[in-house]
Amino acid sequence: MVKVGVLALQGGVIEHINMLNKISGVEAVEVKKAEQLAHIHGLIIPGGESTTIGKLMAKFNLKEPVIQYAKNGMPIWGTCAGMILLAKHIVNQDWSYLNLMDIYVRRNAYGSQLDSFISYQLIPKVSSEKLPLVFIRAPYIEKAEGDVEVLAELNGKIIAAEQKNLLATSFHPELTDNLSFHRYFVDKIIHNDTVKTG
Ligand code: GLN
């Protein structure tokens, strides 16, 4: 059984849990305490409000443990606010949160007219079919460094990327009925050498 945790402090937790539960061989777990990290094989940091999730992670002593697990190779996927939390750099802000991924993220990057929108795109590494991409006050990645691999771009801006065990998406696959990204993350967990599932 692959146990996938969803950081359950604020934001779109239940949507990720519901998606994960549709994948056979996967058990979804809400993570609220650091001790629970020992019992999962991968973690999703959901969308929501990055400032709030960041503050709650510090308050509930989850920040340092999550950083340690990530550095030890645990697969972590950040969607939207979760992507902001993973970034080492946030444009126009002199602080960052978990400082894990070599990306420069711009918050609320699509402006008010495009607060929310849906776009369809082929992301070959993830699926052979076009995927629906749902953006809600979404960030994008302005610049990526080091060994960050770009998975998808929209109008010249990076909207999905990965760096070793870390995955980040500007958009919300959990708000669609397409399981491809969740399956992709579960495969990433299964193929991660540092993770022992069973
Ligand atoms: N705008 C939010 C932030 O900056 C992210 C929005 C989302 O996660 N849907 O944290």
# chains A, B, ... in the order shown; residues from 1 in each chain; ligands from 1

call {"tool": "residues_around", "arguments": {"residues": "stretch 166-178 of chain A", "least_positions_apart": "4", "cutoff": "6 Å", "atoms": "only C-alpha atoms", "output": "list in words"}}
result
Glu15, His16, Pro75, Ile76, Trp77, Gly78, Thr79, Cys80, Met83, Leu133, Val134, Phe135, Ala138, Pro139, Tyr140, Ile159, Ala160, Ala161 and Glu162 of chain A

call {"tool": "write_last_selection", "arguments": {"atoms": "N, CA, C and O atoms", "output": "CSV table (one decimal), in the first residue's frame"}}
result
chain,number,residue,atom,x,y,z
A,15,GLU,N,-10.2,17.5,-1.4
A,15,GLU,CA,-10.2,17.3,-2.9
A,15,GLU,C,-9.0,16.3,-3.2
A,15,GLU,O,-9.2,15.4,-4.0
A,16,HIS,N,-7.8,16.6,-2.6
A,16,HIS,CA,-6.7,15.7,-2.9
A,16,HIS,C,-6.9,14.3,-2.3
A,16,HIS,O,-6.6,13.3,-2.9
A,75,PRO,N,9.2,12.2,-1.5
A,75,PRO,CA,8.5,12.9,-2.6
A,75,PRO,C,7.5,13.9,-2.0
A,75,PRO,O,6.6,13.5,-1.2
A,76,ILE,N,7.5,15.1,-2.5
A,76,ILE,CA,6.6,16.1,-2.0
A,76,ILE,C,6.1,16.9,-3.3
A,76,ILE,O,6.8,17.3,-4.1
A,77,TRP,N,4.8,17.0,-3.3
A,77,TRP,CA,4.1,17.7,-4.5
A,77,TRP,C,3.4,18.9,-3.9
A,77,TRP,O,2.5,18.8,-3.0
A,78,GLY,N,3.7,20.1,-4.4
A,78,GLY,CA,3.0,21.3,-4.0
A,78,GLY,C,2.1,21.8,-5.1
A,78,GLY,O,2.6,22.0,-6.2
A,79,THR,N,0.8,22.0,-4.8
A,79,THR,CA,-0.1,22.5,-5.8
A,79,THR,C,-0.4,24.0,-5.4
A,79,THR,O,-0.8,24.2,-4.3
A,80,CYS,N,-0.2,24.9,-6.3
A,80,CYS,CA,-0.5,26.3,-6.2
A,80,CYS,C,0.1,26.9,-4.9
A,80,CYS,O,1.3,27.1,-4.9
A,83,MET,N,3.1,25.1,-4.1
A,83,MET,CA,4.3,25.4,-4.9
A,83,MET,C,5.0,26.6,-4.3
A,83,MET,O,6.3,26.6,-4.3
A,133,LEU,N,-6.3,22.1,-16.9
A,133,LEU,CA,-5.5,22.8,-15.9
A,133,LEU,C,-6.3,23.9,-15.3
A,133,LEU,O,-6.7,24.8,-16.0
A,134,VAL,N,-6.6,23.8,-14.0
A,134,VAL,CA,-7.4,24.8,-13.4
A,134,VAL,C,-6.5,25.7,-12.5
A,134,VAL,O,-5.8,25.3,-11.7
A,135,PHE,N,-6.6,27.0,-12.8
A,135,PHE,CA,-5.8,28.0,-12.2
A,135,PHE,C,-6.7,28.9,-11.3
A,135,PHE,O,-7.7,29.4,-11.7
A,138,ALA,N,-3.5,31.9,-9.3
A,138,ALA,CA,-2.3,31.0,-9.3
A,138,ALA,C,-1.0,31.8,-9.4
A,138,ALA,O,-0.9,32.9,-10.0
A,139,PRO,N,0.0,31.1,-8.9
A,139,PRO,CA,1.4,31.6,-9.1
A,139,PRO,C,2.0,31.0,-10.4
A,139,PRO,O,1.4,30.0,-10.9
A,140,TYR,N,3.0,31.5,-10.9
A,140,TYR,CA,3.8,30.8,-11.9
A,140,TYR,C,5.3,30.9,-11.6
A,140,TYR,O,5.7,31.6,-10.7
A,159,ILE,N,4.6,26.4,-15.5
A,159,ILE,CA,3.5,26.1,-14.6
A,159,ILE,C,3.5,24.7,-14.0
A,159,ILE,O,2.7,24.4,-13.2
A,160,ALA,N,4.5,23.9,-14.4
A,160,ALA,CA,4.7,22.6,-13.7
A,160,ALA,C,6.2,22.3,-13.9
A,160,ALA,O,6.8,22.5,-14.9
A,161,ALA,N,6.8,21.8,-12.7
A,161,ALA,CA,8.2,21.5,-12.8
A,161,ALA,C,8.5,20.5,-11.7
A,161,ALA,O,7.7,20.3,-10.8
A,162,GLU,N,9.7,19.8,-11.9
A,162,GLU,CA,10.1,18.9,-10.8
A,162,GLU,C,11.6,19.0,-10.6
A,162,GLU,O,12.3,19.5,-11.5

call {"tool": "residues_around", "arguments": {"residues": "A:Phe60", "least_positions_apart": "5", "cutoff": "12 Å", "atoms": "only C-alpha atoms", "output": "PyMOL selection string"}}
result
chain A and resi 7-9+31-35+53-55+65-66

call {"tool": "residues_around", "arguments": {"residues": "A:Tyr120", "least_positions_apart": "4", "cutoff": "8 Å", "atoms": "only C-alpha atoms", "output": "list in words"}}
result
Lys130, Leu131, Pro132 and Leu133 of chain A

call {"tool": "residues_near_ligand", "arguments": {"ligand": "ligand 1", "cutoff": "6 Å", "atoms": "only C-alpha atoms and all ligand atoms", "output": "mmCIF file with C-alpha atoms, in the first residue's frame"}}
result
data_model
loop_
_atom_site.group_PDB
_atom_site.id
_atom_site.type_symbol
_atom_site.label_atom_id
_atom_site.label_comp_id
_atom_site.auth_asym_id
_atom_site.auth_seq_id
_atom_site.Cartn_x
_atom_site.Cartn_y
_atom_site.Cartn_z
ATOM 1 C CA GLY A 47 -3.562 24.938 -2.545
ATOM 2 C CA GLY A 48 -4.953 27.534 -0.198
ATOM 3 C CA GLU A 49 -3.220 30.594 1.142
ATOM 4 C CA SER A 50 0.543 30.194 1.298
ATOM 5 C CA CYS A 80 -0.550 26.306 -6.157
ATOM 6 C CA ALA A 81 0.040 27.662 -2.617
ATOM 7 C CA ARG A 107 2.315 34.897 -6.472
ATOM 8 C CA ASN A 108 -1.113 35.815 -7.888
ATOM 9 C CA ILE A 136 -7.103 29.903 -9.098
ATOM 10 C CA ARG A 137 -5.221 33.066 -8.134
ATOM 11 C CA ALA A 138 -2.307 31.029 -9.332
#

call {"tool": "residues_around", "arguments": {"residues": "A:Asn92", "least_positions_apart": "6", "cutoff": "12 Å", "atoms": "only C-alpha atoms", "output": "JSON list (two decimals) with N, CA, C and O atoms, in the first residue's frame"}}
result
[["chain", "number", "residue", "atom", "x", "y", "z"],
["A", 104, "TYR", "N", 11.91, 30.49, -8.82],
["A", 104, "TYR", "CA", 11.46, 31.84, -8.46],
["A", 104, "TYR", "C", 9.98, 31.90, -8.79],
["A", 104, "TYR", "O", 9.59, 31.82, -9.96],
["A", 105, "VAL", "N", 9.17, 32.01, -7.76],
["A", 105, "VAL", "CA", 7.72, 31.95, -7.93],
["A", 105, "VAL", "C", 7.11, 33.33, -7.79],
["A", 105, "VAL", "O", 7.47, 34.07, -6.88],
["A", 106, "ARG", "N", 6.22, 33.67, -8.71],
["A", 106, "ARG", "CA", 5.47, 34.92, -8.58],
["A", 106, "ARG", "C", 4.05, 34.60, -8.13],
["A", 106, "ARG", "O", 3.34, 33.85, -8.80],
["A", 107, "ARG", "N", 3.66, 35.16, -7.00],
["A", 107, "ARG", "CA", 2.31, 34.90, -6.47],
["A", 107, "ARG", "C", 1.26, 35.67, -7.26],
["A", 107, "ARG", "O", 1.54, 36.74, -7.78],
["A", 108, "ASN", "N", 0.04, 35.15, -7.26],
["A", 108, "ASN", "CA", -1.11, 35.81, -7.89],
["A", 108, "ASN", "C", -0.71, 36.40, -9.25],
["A", 108, "ASN", "O", -1.03, 37.54, -9.58],
["A", 109, "ALA", "N", -0.02, 35.60, -10.01],
["A", 109, "ALA", "CA", 0.71, 36.10, -11.17],
["A", 109, "ALA", "C", -0.19, 36.42, -12.36],
["A", 109, "ALA", "O", 0.26, 37.07, -13.29],
["A", 142, "GLU", "N", 8.78, 31.99, -12.54],
["A", 142, "GLU", "CA", 9.39, 32.96, -13.44],
["A", 142, "GLU", "C", 10.75, 32.46, -13.92],
["A", 142, "GLU", "O", 11.16, 32.74, -15.04]]

call {"tool": "closest_residue", "arguments": {"among": "A:Gly73, A:Pro124, A:Gly82, A:Gly5", "to": "A:Thr52", "atoms": "only C-alpha atoms"}}
result
A:Gly82

call {"tool": "select_by_dssp", "arguments": {"residues": "stretch 85-153 of chain A", "states": "strand (DSSP E or B)", "output": "number ranges by chain"}}
result
A: 87-90, 93, 101-106, 116-121, 131-136, 140-144, 149-153
